[in-house]
$ cat my_file05.cif   # mmCIF, C-alpha atoms
data_start
loop_
_atom_site.group_PDB
_atom_site.id
_atom_site.type_symbol
_atom_site.label_atom_id
_atom_site.label_comp_id
_atom_site.auth_asym_id
_atom_site.auth_seq_id
_atom_site.Cartn_x
_atom_site.Cartn_y
_atom_site.Cartn_z
ATOM 1 C CA MET A 1 0.000 0.000 0.000
ATOM 2 C CA ASN A 2 1.398 3.393 -0.925
ATOM 3 C CA ILE A 3 1.585 6.417 1.360
ATOM 4 C CA ARG A 4 -1.239 8.257 -0.406
ATOM 5 C CA THR A 5 -3.673 5.419 0.232
ATOM 6 C CA PHE A 6 -2.431 5.155 3.801
ATOM 7 C CA LEU A 7 -2.991 8.870 4.284
ATOM 8 C CA SER A 8 -6.538 8.742 2.968
ATOM 9 C CA VAL A 9 -7.378 6.125 5.581
ATOM 10 C CA THR A 10 -5.616 7.882 8.447
ATOM 11 C CA VAL A 11 -7.364 11.133 7.604
ATOM 12 C CA ALA A 12 -10.735 9.393 7.815
ATOM 13 C CA VAL A 13 -9.846 7.793 11.140
ATOM 14 C CA VAL A 14 -8.456 10.884 12.825
ATOM 15 C CA ALA A 15 -11.279 13.015 11.482
ATOM 16 C CA THR A 16 -13.782 10.786 13.268
ATOM 17 C CA ALA A 17 -11.729 10.919 16.437
ATOM 18 C CA GLY A 18 -11.521 14.671 16.013
ATOM 19 C CA LEU A 19 -15.310 14.909 15.999
ATOM 20 C CA VAL A 20 -15.384 13.343 19.450
ATOM 21 C CA ALA A 21 -12.544 15.622 20.579
ATOM 22 C CA CYS A 22 -14.584 18.701 19.648
ATOM 23 C CA GLN A 23 -16.742 18.023 22.683
ATOM 24 C CA GLY A 24 -13.760 18.822 24.893
ATOM 25 C CA GLY A 25 -13.257 22.382 23.732
ATOM 26 C CA GLY A 26 -11.625 22.120 20.347
ATOM 27 C CA SER A 27 -8.349 20.432 21.234
ATOM 28 C CA SER A 28 -7.689 16.772 20.542
ATOM 29 C CA SER A 29 -4.719 16.504 22.890
ATOM 30 C CA ASN A 30 -5.022 13.919 25.642
ATOM 31 C CA SER A 31 -5.589 15.761 28.942
ATOM 32 C CA THR A 32 -5.278 12.493 30.894
ATOM 33 C CA ALA A 33 -1.996 11.361 29.364
ATOM 34 C CA SER A 34 0.175 9.316 31.704
ATOM 35 C CA LYS A 35 3.453 10.672 33.058
ATOM 36 C CA ASP A 36 5.321 8.269 30.788
ATOM 37 C CA ALA A 37 3.683 9.645 27.639
ATOM 38 C CA LYS A 38 6.217 11.313 25.353
ATOM 39 C CA VAL A 39 5.294 14.610 23.686
ATOM 40 C CA ILE A 40 5.820 14.134 19.949
ATOM 41 C CA ALA A 41 4.432 17.475 18.752
ATOM 42 C CA THR A 42 3.100 20.759 20.158
ATOM 43 C CA VAL A 43 0.546 22.814 18.240
ATOM 44 C CA ASN A 44 -0.058 26.310 19.615
ATOM 45 C CA GLY A 45 0.544 24.958 23.104
ATOM 46 C CA ALA A 46 -1.589 21.819 22.707
ATOM 47 C CA LYS A 47 0.471 18.664 23.178
ATOM 48 C CA ILE A 48 0.213 15.592 20.993
ATOM 49 C CA THR A 49 1.663 12.596 22.839
ATOM 50 C CA SER A 50 2.886 9.128 22.030
ATOM 51 C CA GLU A 51 -0.347 7.859 23.600
ATOM 52 C CA ASP A 52 -2.387 9.926 21.121
ATOM 53 C CA PHE A 53 -0.287 8.461 18.294
ATOM 54 C CA ASN A 54 -0.640 4.867 19.506
ATOM 55 C CA ARG A 55 -4.397 5.274 20.005
ATOM 56 C CA GLU A 56 -4.839 6.417 16.399
ATOM 57 C CA VAL A 57 -2.628 3.598 15.101
ATOM 58 C CA GLN A 58 -4.753 1.027 16.945
ATOM 59 C CA ALA A 59 -7.857 2.516 15.325
ATOM 60 C CA LEU A 60 -6.466 1.749 11.870
ATOM 61 C CA PRO A 61 -7.445 -1.426 10.008
ATOM 62 C CA GLU A 62 -4.961 -4.180 10.879
ATOM 63 C CA TYR A 63 -3.709 -4.549 7.299
ATOM 64 C CA ILE A 64 -2.637 -0.873 7.291
ATOM 65 C CA ARG A 65 -1.400 -0.656 10.886
ATOM 66 C CA ALA A 66 2.085 -1.944 10.062
ATOM 67 C CA MET A 67 2.533 1.012 7.717
ATOM 68 C CA ALA A 68 2.623 3.386 10.706
ATOM 69 C CA ASP A 69 5.662 1.522 12.028
ATOM 70 C CA THR A 70 7.828 2.655 9.109
ATOM 71 C CA PRO A 71 9.718 5.983 9.236
ATOM 72 C CA GLN A 72 7.631 7.445 6.413
ATOM 73 C CA GLY A 73 4.404 6.113 7.910
ATOM 74 C CA LYS A 74 5.170 7.669 11.310
ATOM 75 C CA LYS A 75 5.930 11.005 9.673
ATOM 76 C CA GLU A 76 2.674 10.988 7.716
ATOM 77 C CA MET A 77 0.644 10.015 10.786
ATOM 78 C CA ILE A 78 2.181 12.774 12.926
ATOM 79 C CA ASP A 79 1.573 15.301 10.128
ATOM 80 C CA THR A 80 -2.055 14.198 10.011
ATOM 81 C CA LEU A 81 -2.464 14.527 13.793
ATOM 82 C CA VAL A 82 -0.943 18.017 13.661
ATOM 83 C CA MET A 83 -3.328 19.030 10.884
ATOM 84 C CA ARG A 84 -6.289 17.687 12.839
ATOM 85 C CA GLU A 85 -5.242 19.748 15.867
ATOM 86 C CA LEU A 86 -4.949 22.896 13.741
ATOM 87 C CA ILE A 87 -8.409 22.338 12.269
ATOM 88 C CA LEU A 88 -9.942 21.694 15.696
ATOM 89 C CA GLN A 89 -8.396 24.840 17.141
ATOM 90 C CA GLN A 90 -9.617 26.953 14.239
ATOM 91 C CA ALA A 91 -13.068 25.353 14.423
ATOM 92 C CA ALA A 92 -13.240 26.277 18.114
ATOM 93 C CA LYS A 93 -12.296 29.885 17.328
ATOM 94 C CA ASP A 94 -15.040 30.007 14.702
ATOM 95 C CA GLY A 95 -17.581 28.509 17.118
ATOM 96 C CA VAL A 96 -18.181 25.493 14.893
ATOM 97 C CA ASP A 97 -17.743 23.106 17.840
ATOM 98 C CA LYS A 98 -20.757 24.640 19.595
ATOM 99 C CA GLY A 99 -23.195 24.207 16.724
ATOM 100 C CA LYS A 100 -26.406 22.189 17.003
ATOM 101 C CA ASP A 101 -25.341 20.051 14.056
ATOM 102 C CA ILE A 102 -22.185 18.989 15.917
ATOM 103 C CA GLU A 103 -24.133 18.174 19.095
ATOM 104 C CA GLU A 104 -26.570 16.001 17.147
ATOM 105 C CA LYS A 105 -23.756 14.161 15.383
ATOM 106 C CA LEU A 106 -21.914 13.615 18.676
ATOM 107 C CA ALA A 107 -25.057 12.180 20.269
ATOM 108 C CA GLU A 108 -25.547 9.838 17.320
ATOM 109 C CA LEU A 109 -21.880 8.882 17.280
ATOM 110 C CA LYS A 110 -21.978 8.070 21.002
ATOM 111 C CA LYS A 111 -24.917 5.715 20.445
ATOM 112 C CA ARG A 112 -23.042 3.904 17.696
ATOM 113 C CA ILE A 113 -19.865 3.602 19.772
ATOM 114 C CA VAL A 114 -21.770 2.217 22.775
ATOM 115 C CA VAL A 115 -23.642 -0.309 20.596
ATOM 116 C CA ASP A 116 -20.473 -1.337 18.717
ATOM 117 C CA THR A 117 -18.491 -1.706 21.951
ATOM 118 C CA TYR A 118 -21.206 -3.808 23.582
ATOM 119 C CA LEU A 119 -21.633 -6.069 20.557
ATOM 120 C CA LYS A 120 -17.882 -6.498 20.082
ATOM 121 C CA LYS A 121 -17.396 -7.506 23.705
ATOM 122 C CA LYS A 122 -20.446 -9.778 23.784
ATOM 123 C CA VAL A 123 -19.817 -11.492 20.452
ATOM 124 C CA GLU A 124 -16.086 -11.955 21.004
ATOM 125 C CA THR A 125 -16.696 -13.434 24.462
ATOM 126 C CA GLU A 126 -19.284 -15.947 23.304
ATOM 127 C CA SER A 127 -17.874 -16.921 19.899
ATOM 128 C CA LYS A 128 -14.566 -18.403 20.951
ATOM 129 C CA ILE A 129 -13.560 -21.478 18.965
ATOM 130 C CA SER A 130 -11.851 -24.388 20.708
ATOM 131 C CA ASP A 131 -8.804 -26.178 19.350
ATOM 132 C CA GLU A 132 -10.966 -29.297 19.077
ATOM 133 C CA GLU A 133 -13.338 -27.512 16.676
ATOM 134 C CA LEU A 134 -10.427 -26.229 14.609
ATOM 135 C CA LYS A 135 -8.799 -29.658 14.489
ATOM 136 C CA LYS A 136 -12.082 -31.277 13.423
ATOM 137 C CA PHE A 137 -12.480 -28.779 10.565
ATOM 138 C CA TYR A 138 -8.886 -29.437 9.500
ATOM 139 C CA GLU A 139 -9.310 -33.226 9.421
ATOM 140 C CA GLN A 140 -12.588 -32.989 7.507
ATOM 141 C CA ASN A 141 -11.122 -30.608 4.900
ATOM 142 C CA LEU A 142 -7.565 -31.821 4.316
ATOM 143 C CA ASP A 143 -7.875 -31.204 0.575
ATOM 144 C CA LYS A 144 -8.223 -27.478 1.249
ATOM 145 C CA PHE A 145 -4.766 -27.354 2.808
ATOM 146 C CA LYS A 146 -2.751 -28.931 0.033
ATOM 147 C CA SER A 147 -0.349 -26.690 -1.855
ATOM 148 C CA GLY A 148 2.407 -26.868 -4.416
ATOM 149 C CA GLU A 149 6.063 -26.114 -3.774
ATOM 150 C CA GLN A 150 6.433 -22.935 -1.730
ATOM 151 C CA ILE A 151 9.158 -20.583 -0.596
ATOM 152 C CA ARG A 152 9.396 -18.051 2.203
ATOM 153 C CA ALA A 153 11.142 -14.756 1.610
ATOM 154 C CA SER A 154 11.796 -11.351 3.106
ATOM 155 C CA HIS A 155 12.502 -8.178 1.177
ATOM 156 C CA ILE A 156 13.522 -4.550 1.460
ATOM 157 C CA LEU A 157 11.725 -2.205 -0.948
ATOM 158 C CA VAL A 158 12.997 1.283 -1.806
ATOM 159 C CA LYS A 159 12.142 3.789 -4.517
ATOM 160 C CA ASN A 160 15.515 4.366 -6.175
ATOM 161 C CA GLU A 161 18.365 2.131 -7.287
ATOM 162 C CA GLN A 162 21.088 4.139 -5.554
ATOM 163 C CA GLU A 163 19.474 3.651 -2.151
ATOM 164 C CA ALA A 164 19.015 -0.066 -2.884
ATOM 165 C CA GLN A 165 22.720 -0.377 -3.727
ATOM 166 C CA THR A 166 23.711 1.342 -0.472
ATOM 167 C CA ILE A 167 21.562 -1.090 1.536
ATOM 168 C CA LEU A 168 22.876 -4.094 -0.401
ATOM 169 C CA ASP A 169 26.457 -3.023 0.360
ATOM 170 C CA GLN A 170 25.579 -2.811 4.065
ATOM 171 C CA LEU A 171 24.096 -6.307 3.982
ATOM 172 C CA LYS A 172 27.164 -7.739 2.279
ATOM 173 C CA LYS A 173 29.293 -6.254 5.074
ATOM 174 C CA GLY A 174 27.229 -8.067 7.708
ATOM 175 C CA GLY A 175 24.289 -5.686 8.208
ATOM 176 C CA ASN A 176 21.192 -7.122 9.880
ATOM 177 C CA PHE A 177 18.494 -7.728 7.251
ATOM 178 C CA GLU A 178 15.516 -7.428 9.615
ATOM 179 C CA GLU A 179 16.722 -4.190 11.192
ATOM 180 C CA LEU A 180 17.467 -2.613 7.802
ATOM 181 C CA ALA A 181 14.038 -3.695 6.532
ATOM 182 C CA LYS A 182 12.355 -2.069 9.532
ATOM 183 C CA SER A 183 14.203 1.222 9.109
ATOM 184 C CA LYS A 184 14.534 1.467 5.314
ATOM 185 C CA SER A 185 11.806 -0.521 3.553
ATOM 186 C CA ALA A 186 8.806 1.345 2.119
ATOM 187 C CA ASP A 187 6.640 -1.787 2.165
ATOM 188 C CA SER A 188 4.090 -2.635 4.885
ATOM 189 C CA SER A 189 6.112 -5.791 5.615
ATOM 190 C CA ALA A 190 8.820 -3.552 7.127
ATOM 191 C CA ALA A 191 7.256 -3.899 10.594
ATOM 192 C CA LYS A 192 7.892 -7.660 10.378
ATOM 193 C CA GLY A 193 11.485 -7.271 9.259
ATOM 194 C CA GLY A 194 10.457 -7.617 5.610
ATOM 195 C CA ASP A 195 8.937 -11.080 6.054
ATOM 196 C CA LEU A 196 6.401 -11.960 3.340
ATOM 197 C CA GLY A 197 5.515 -15.403 4.660
ATOM 198 C CA TRP A 198 5.119 -18.509 2.492
ATOM 199 C CA PHE A 199 3.991 -18.251 -1.124
ATOM 200 C CA GLY A 200 3.984 -20.276 -4.309
ATOM 201 C CA LYS A 201 4.185 -19.571 -8.008
ATOM 202 C CA GLY A 202 1.810 -16.932 -9.293
ATOM 203 C CA ASN A 203 1.485 -15.044 -6.001
ATOM 204 C CA MET A 204 4.086 -12.349 -6.683
ATOM 205 C CA VAL A 205 4.866 -10.079 -9.612
ATOM 206 C CA PRO A 206 6.957 -11.934 -12.254
ATOM 207 C CA ALA A 207 10.266 -10.100 -11.724
ATOM 208 C CA PHE A 208 10.149 -10.623 -7.969
ATOM 209 C CA GLU A 209 9.026 -14.252 -8.237
ATOM 210 C CA LYS A 210 11.710 -15.176 -10.774
ATOM 211 C CA ALA A 211 14.481 -13.733 -8.615
ATOM 212 C CA ALA A 212 13.162 -15.248 -5.373
ATOM 213 C CA MET A 213 12.626 -18.718 -6.830
ATOM 214 C CA ALA A 214 16.211 -18.800 -8.119
ATOM 215 C CA LEU A 215 17.744 -18.218 -4.670
ATOM 216 C CA LYS A 216 19.083 -20.806 -2.249
ATOM 217 C CA GLU A 217 17.909 -20.745 1.364
ATOM 218 C CA GLY A 218 19.656 -17.937 3.231
ATOM 219 C CA GLN A 219 20.918 -16.320 0.017
ATOM 220 C CA LEU A 220 20.507 -12.637 -0.902
ATOM 221 C CA SER A 221 19.442 -11.445 -4.334
ATOM 222 C CA GLY A 222 20.944 -8.543 -6.186
ATOM 223 C CA ILE A 223 18.792 -5.488 -6.870
ATOM 224 C CA VAL A 224 15.480 -6.537 -8.434
ATOM 225 C CA LYS A 225 13.376 -3.923 -10.217
ATOM 226 C CA SER A 226 9.576 -4.201 -10.361
ATOM 227 C CA ASP A 227 6.663 -1.804 -10.833
ATOM 228 C CA PHE A 228 6.778 -1.167 -7.069
ATOM 229 C CA GLY A 229 10.417 -0.067 -6.932
ATOM 230 C CA TYR A 230 13.730 -1.769 -6.163
ATOM 231 C CA HIS A 231 13.843 -4.929 -4.049
ATOM 232 C CA ILE A 232 16.539 -6.787 -2.171
ATOM 233 C CA ILE A 233 15.281 -10.305 -1.459
ATOM 234 C CA LYS A 234 16.399 -12.875 1.088
ATOM 235 C CA LEU A 235 15.175 -16.449 0.829
ATOM 236 C CA THR A 236 14.392 -17.800 4.302
ATOM 237 C CA GLY A 237 12.769 -21.151 3.547
ATOM 238 C CA LYS A 238 11.750 -23.776 0.961
ATOM 239 C CA ARG A 239 9.299 -26.653 1.209
ATOM 240 C CA ALA A 240 7.985 -29.332 -1.100
ATOM 241 C CA ALA A 241 4.376 -29.725 -2.218
ATOM 242 C CA GLY A 242 2.074 -31.375 0.305
ATOM 243 C CA THR A 243 -0.523 -30.863 3.019
ATOM 244 C CA ARG A 244 0.260 -27.982 5.334
ATOM 245 C CA PRO A 245 0.457 -28.985 9.036
ATOM 246 C CA PHE A 246 -2.394 -28.055 11.366
ATOM 247 C CA ASP A 247 -0.366 -25.611 13.485
ATOM 248 C CA GLU A 248 0.486 -23.626 10.395
ATOM 249 C CA VAL A 249 -3.102 -23.245 9.135
ATOM 250 C CA LYS A 250 -4.787 -23.006 12.526
ATOM 251 C CA GLU A 251 -5.293 -19.221 12.339
ATOM 252 C CA GLN A 252 -6.423 -19.515 8.723
ATOM 253 C CA ILE A 253 -9.141 -21.986 9.764
ATOM 254 C CA LYS A 254 -10.216 -19.746 12.629
ATOM 255 C CA GLY A 255 -10.567 -16.818 10.238
ATOM 256 C CA ALA A 256 -12.686 -18.953 7.902
ATOM 257 C CA ILE A 257 -15.219 -20.239 10.443
ATOM 258 C CA MET A 258 -15.294 -17.320 12.875
ATOM 259 C CA PRO A 259 -17.752 -15.135 10.876
ATOM 260 C CA GLN A 260 -20.399 -17.886 10.888
ATOM 261 C CA LYS A 261 -19.900 -18.479 14.610
ATOM 262 C CA GLN A 262 -20.199 -14.751 15.329
ATOM 263 C CA GLN A 263 -23.350 -14.529 13.222
ATOM 264 C CA GLN A 264 -24.922 -17.335 15.255
ATOM 265 C CA VAL A 265 -24.044 -15.563 18.523
ATOM 266 C CA PHE A 266 -25.448 -12.288 17.198
ATOM 267 C CA MET A 267 -28.741 -13.858 16.100
ATOM 268 C CA LYS A 268 -29.158 -15.548 19.498
ATOM 269 C CA LEU A 269 -28.428 -12.237 21.229
ATOM 270 C CA LYS A 270 -31.144 -10.525 19.178
ATOM 271 C CA GLU A 271 -33.675 -13.181 20.170
ATOM 272 C CA ASP A 272 -32.720 -13.025 23.868
ATOM 273 C CA LEU A 273 -32.980 -9.222 23.989
ATOM 274 C CA LYS A 274 -36.394 -9.224 22.316
ATOM 275 C CA LYS A 275 -37.761 -11.884 24.670
ATOM 276 C CA GLY A 276 -37.430 -9.664 27.710
ATOM 277 C CA ALA A 277 -38.490 -6.431 26.077
ATOM 278 C CA LYS A 278 -41.817 -4.695 25.572
ATOM 279 C CA ILE A 279 -41.755 -3.413 22.017
ATOM 280 C CA GLU A 280 -44.462 -1.316 20.380
ATOM 281 C CA ILE A 281 -44.082 -0.293 16.777
ATOM 282 C CA THR A 282 -46.488 2.564 16.185
ATOM 283 C CA GLU A 283 -45.689 3.255 12.573
ATOM 284 C CA THR A 284 -44.459 1.083 9.748
ATOM 285 C CA GLN A 285 -42.863 2.107 6.516
ATOM 286 C CA THR A 286 -45.230 1.295 3.650
ATOM 287 C CA PRO A 287 -43.915 1.237 0.112
ATOM 288 C CA ALA A 288 -44.858 4.224 -1.995
ATOM 289 C CA PRO A 289 -47.663 3.486 -4.490
ATOM 290 C CA ALA A 290 -46.483 2.646 -7.955
ATOM 291 C CA ALA A 291 -46.639 5.541 -10.364
ATOM 292 C CA LYS A 292 -49.512 5.395 -12.806
ATOM 293 C CA PRO A 293 -48.476 5.014 -16.446
ATOM 294 C CA ALA A 294 -48.575 8.266 -18.353
ATOM 295 C CA ALA A 295 -51.608 8.773 -20.604
ATOM 296 C CA PRO A 296 -50.810 8.366 -24.315
ATOM 297 C CA ALA A 297 -50.369 11.605 -26.189
ATOM 298 C CA ALA A 298 -53.383 12.683 -28.257
ATOM 299 C CA ALA A 299 -53.014 11.803 -31.903
ATOM 300 C CA SER A 300 -52.765 14.821 -34.196
ATOM 301 C CA ASP A 301 -55.557 15.424 -36.711
ATOM 302 C CA LYS A 302 -54.895 14.160 -40.191
ATOM 303 C CA LYS A 303 -54.880 16.732 -42.895
#
$ encode --input "my_file05.cif" --output "structure tokens"
Amino acid sequence: MNIRTFLSVTVAVVATAGLVACQGGGSSSNSTASKDAKVIATVNGAKITSEDFNREVQALPEYIRAMADTPQGKKEMIDTLVMRELILQQAAKDGVDKGKDIEEKLAELKKRIVVDTYLKKKVETESKISDEELKKFYEQNLDKFKSGEQIRASHILVKNEQEAQTILDQLKKGGNFEELAKSKSADSSAAKGGDLGWFGKGNMVPAFEKAAMALKEGQLSGIVKSDFGYHIIKLTGKRAAGTRPFDEVKEQIKGAIMPQKQQQVFMKLKEDLKKGAKIEITETQTPAPAAKPAAPAAASDKK
């Protein structure tokens, strides 16, 4: 994921958080920050702390969260938090935070947050899946876990060839691949030391796949150019075709059957809540009557 896409998501997240912050007088800074919280930016006297940063990162979708752990991602996130603070301060000066429209939206937002928090806690608590259930699914669906030959690789991705060459030289002199990936790579895998996990043929772009497949375990590639930039690849594992072991696919199975389990819990919760409630629906939405076909135009007189 590129930085522009990342930014568009972070802006949406912090904007929502900023709406809640308006209720506190226009500043989004955390007034209850712990003593250990580090100040990472100050905007007209308002402090933005490491706790504010971490809270916003946790609010991001998991597949984007790793992006904030890269140097460029951190910079973009801090810039976004600073911009939010500036907007909130100006909105307070203009009296926007006191408007009726804001109060109504805050009230509605609070309802949604309370409902979402309750459901998340309730559903997560009651939809846990035991190892026995996971193992049973695995044994009944062994064909789903067969795969061809696979490799495991890590990479460092940068935007220009000169930077890639500098990093490659460092690696050849004994530099730590994982640490360099975390500090230099522009890919979301940087947070995991560049690790891309296991993959087979057809899962990566051709240039990357060709270079990775040609490596021996533990070997480094040269500089590999793709549409994404310049890669340095390290092969970390190879395995033959076969059925993947249970421990390896356990989380994959959980992800596959969890939605159905959560849906069952949710439906039962709905029924239980309705049983003990007195509900009166005083008005129902009736579909609008179908429009009558237009009358045919009068035929013109013949001459």
$ resolve_selection --input "my_file05.cif" --expression "the PyMOL selection byres ((chain A and resi 53) around 9)" --output "number ranges by chain"
A: 40, 48-52, 54-58, 74, 77-78, 81
$ closest_residue --input "my_file05.cif" --among "A:Ile253, A:Pro259, A:Leu220, A:Lys144" --to "Glu132 (chain A)" --atoms "only C-alpha atoms"
A:Ile253
$ resolve_selection --input "my_file05.cif" --expression "the PyMOL selection byres ((chain A and resi 260-276) around 10)" --output "JSON, numbers by chain"
{"A": [119, 120, 122, 123, 124, 125, 126, 127, 128, 129, 254, 255, 256, 257, 258, 259, 277, 278, 279]}
$ residues_around --input "my_file05.cif" --residues "Gln140 (chain A)" --least-positions-apart "5" --cutoff "12 Å" --atoms "only C-alpha atoms" --output "list in words"
Glu133, Leu134, Lys135, Phe145, Phe246 and Ile253 of chain A
$ closest_residue --input "my_file05.cif" --among "A:Gln72, A:Ser147, A:Asn203, A:Ser188" --to "Gly242 (chain A)" --atoms "all atoms listed in the file"
A:Ser147
$ residues_around --input "my_file05.cif" --residues "Ser189 (chain A)" --least-positions-apart "6" --cutoff "8 Å" --atoms "all atoms listed in the file" --output "ChimeraX atom specification"
/A:66-67,195-196
$ build_atoms --input "my_file05.cif" --residues "region 94-108 of chain A" --atoms "N, CA and C atoms" --output "PDB file, in the frame of the given file"
ATOM      1  N   ASP A  94     -13.902  29.617  15.537  1.00  0.00           N
ATOM      2  CA  ASP A  94     -15.040  30.007  14.702  1.00  0.00           C
ATOM      3  C   ASP A  94     -16.382  29.601  15.309  1.00  0.00           C
ATOM      4  N   GLY A  95     -16.346  28.913  16.456  1.00  0.00           N
ATOM      5  CA  GLY A  95     -17.581  28.509  17.118  1.00  0.00           C
ATOM      6  C   GLY A  95     -18.267  27.316  16.495  1.00  0.00           C
ATOM      7  N   VAL A  96     -17.573  26.638  15.577  1.00  0.00           N
ATOM      8  CA  VAL A  96     -18.181  25.493  14.893  1.00  0.00           C
ATOM      9  C   VAL A  96     -18.454  24.356  15.871  1.00  0.00           C
ATOM     10  N   ASP A  97     -17.590  24.211  16.901  1.00  0.00           N
ATOM     11  CA  ASP A  97     -17.743  23.106  17.840  1.00  0.00           C
ATOM     12  C   ASP A  97     -18.950  23.251  18.749  1.00  0.00           C
ATOM     13  N   LYS A  98     -19.587  24.411  18.732  1.00  0.00           N
ATOM     14  CA  LYS A  98     -20.757  24.640  19.595  1.00  0.00           C
ATOM     15  C   LYS A  98     -22.080  24.545  18.825  1.00  0.00           C
ATOM     16  N   GLY A  99     -21.989  24.235  17.550  1.00  0.00           N
ATOM     17  CA  GLY A  99     -23.195  24.207  16.724  1.00  0.00           C
ATOM     18  C   GLY A  99     -24.119  23.054  17.044  1.00  0.00           C
ATOM     19  N   LYS A 100     -25.398  23.228  16.759  1.00  0.00           N
ATOM     20  CA  LYS A 100     -26.406  22.189  17.003  1.00  0.00           C
ATOM     21  C   LYS A 100     -26.120  20.951  16.174  1.00  0.00           C
ATOM     22  N   ASP A 101     -25.634  21.168  14.949  1.00  0.00           N
ATOM     23  CA  ASP A 101     -25.341  20.051  14.056  1.00  0.00           C
ATOM     24  C   ASP A 101     -24.271  19.144  14.663  1.00  0.00           C
ATOM     25  N   ILE A 102     -23.253  19.757  15.279  1.00  0.00           N
ATOM     26  CA  ILE A 102     -22.185  18.989  15.917  1.00  0.00           C
ATOM     27  C   ILE A 102     -22.731  18.201  17.100  1.00  0.00           C
ATOM     28  N   GLU A 103     -23.562  18.840  17.914  1.00  0.00           N
ATOM     29  CA  GLU A 103     -24.133  18.174  19.095  1.00  0.00           C
ATOM     30  C   GLU A 103     -24.961  16.962  18.696  1.00  0.00           C
ATOM     31  N   GLU A 104     -25.738  17.114  17.616  1.00  0.00           N
ATOM     32  CA  GLU A 104     -26.570  16.001  17.147  1.00  0.00           C
ATOM     33  C   GLU A 104     -25.701  14.851  16.641  1.00  0.00           C
ATOM     34  N   LYS A 105     -24.645  15.195  15.916  1.00  0.00           N
ATOM     35  CA  LYS A 105     -23.756  14.161  15.383  1.00  0.00           C
ATOM     36  C   LYS A 105     -23.006  13.451  16.514  1.00  0.00           C
ATOM     37  N   LEU A 106     -22.596  14.213  17.533  1.00  0.00           N
ATOM     38  CA  LEU A 106     -21.914  13.615  18.676  1.00  0.00           C
ATOM     39  C   LEU A 106     -22.830  12.646  19.414  1.00  0.00           C
ATOM     40  N   ALA A 107     -24.089  13.051  19.590  1.00  0.00           N
ATOM     41  CA  ALA A 107     -25.057  12.180  20.269  1.00  0.00           C
ATOM     42  C   ALA A 107     -25.263  10.891  19.489  1.00  0.00           C
ATOM     43  N   GLU A 108     -25.365  11.014  18.170  1.00  0.00           N
ATOM     44  CA  GLU A 108     -25.547   9.838  17.320  1.00  0.00           C
ATOM     45  C   GLU A 108     -24.293   8.969  17.325  1.00  0.00           C
TER      46      GLU A 108
END
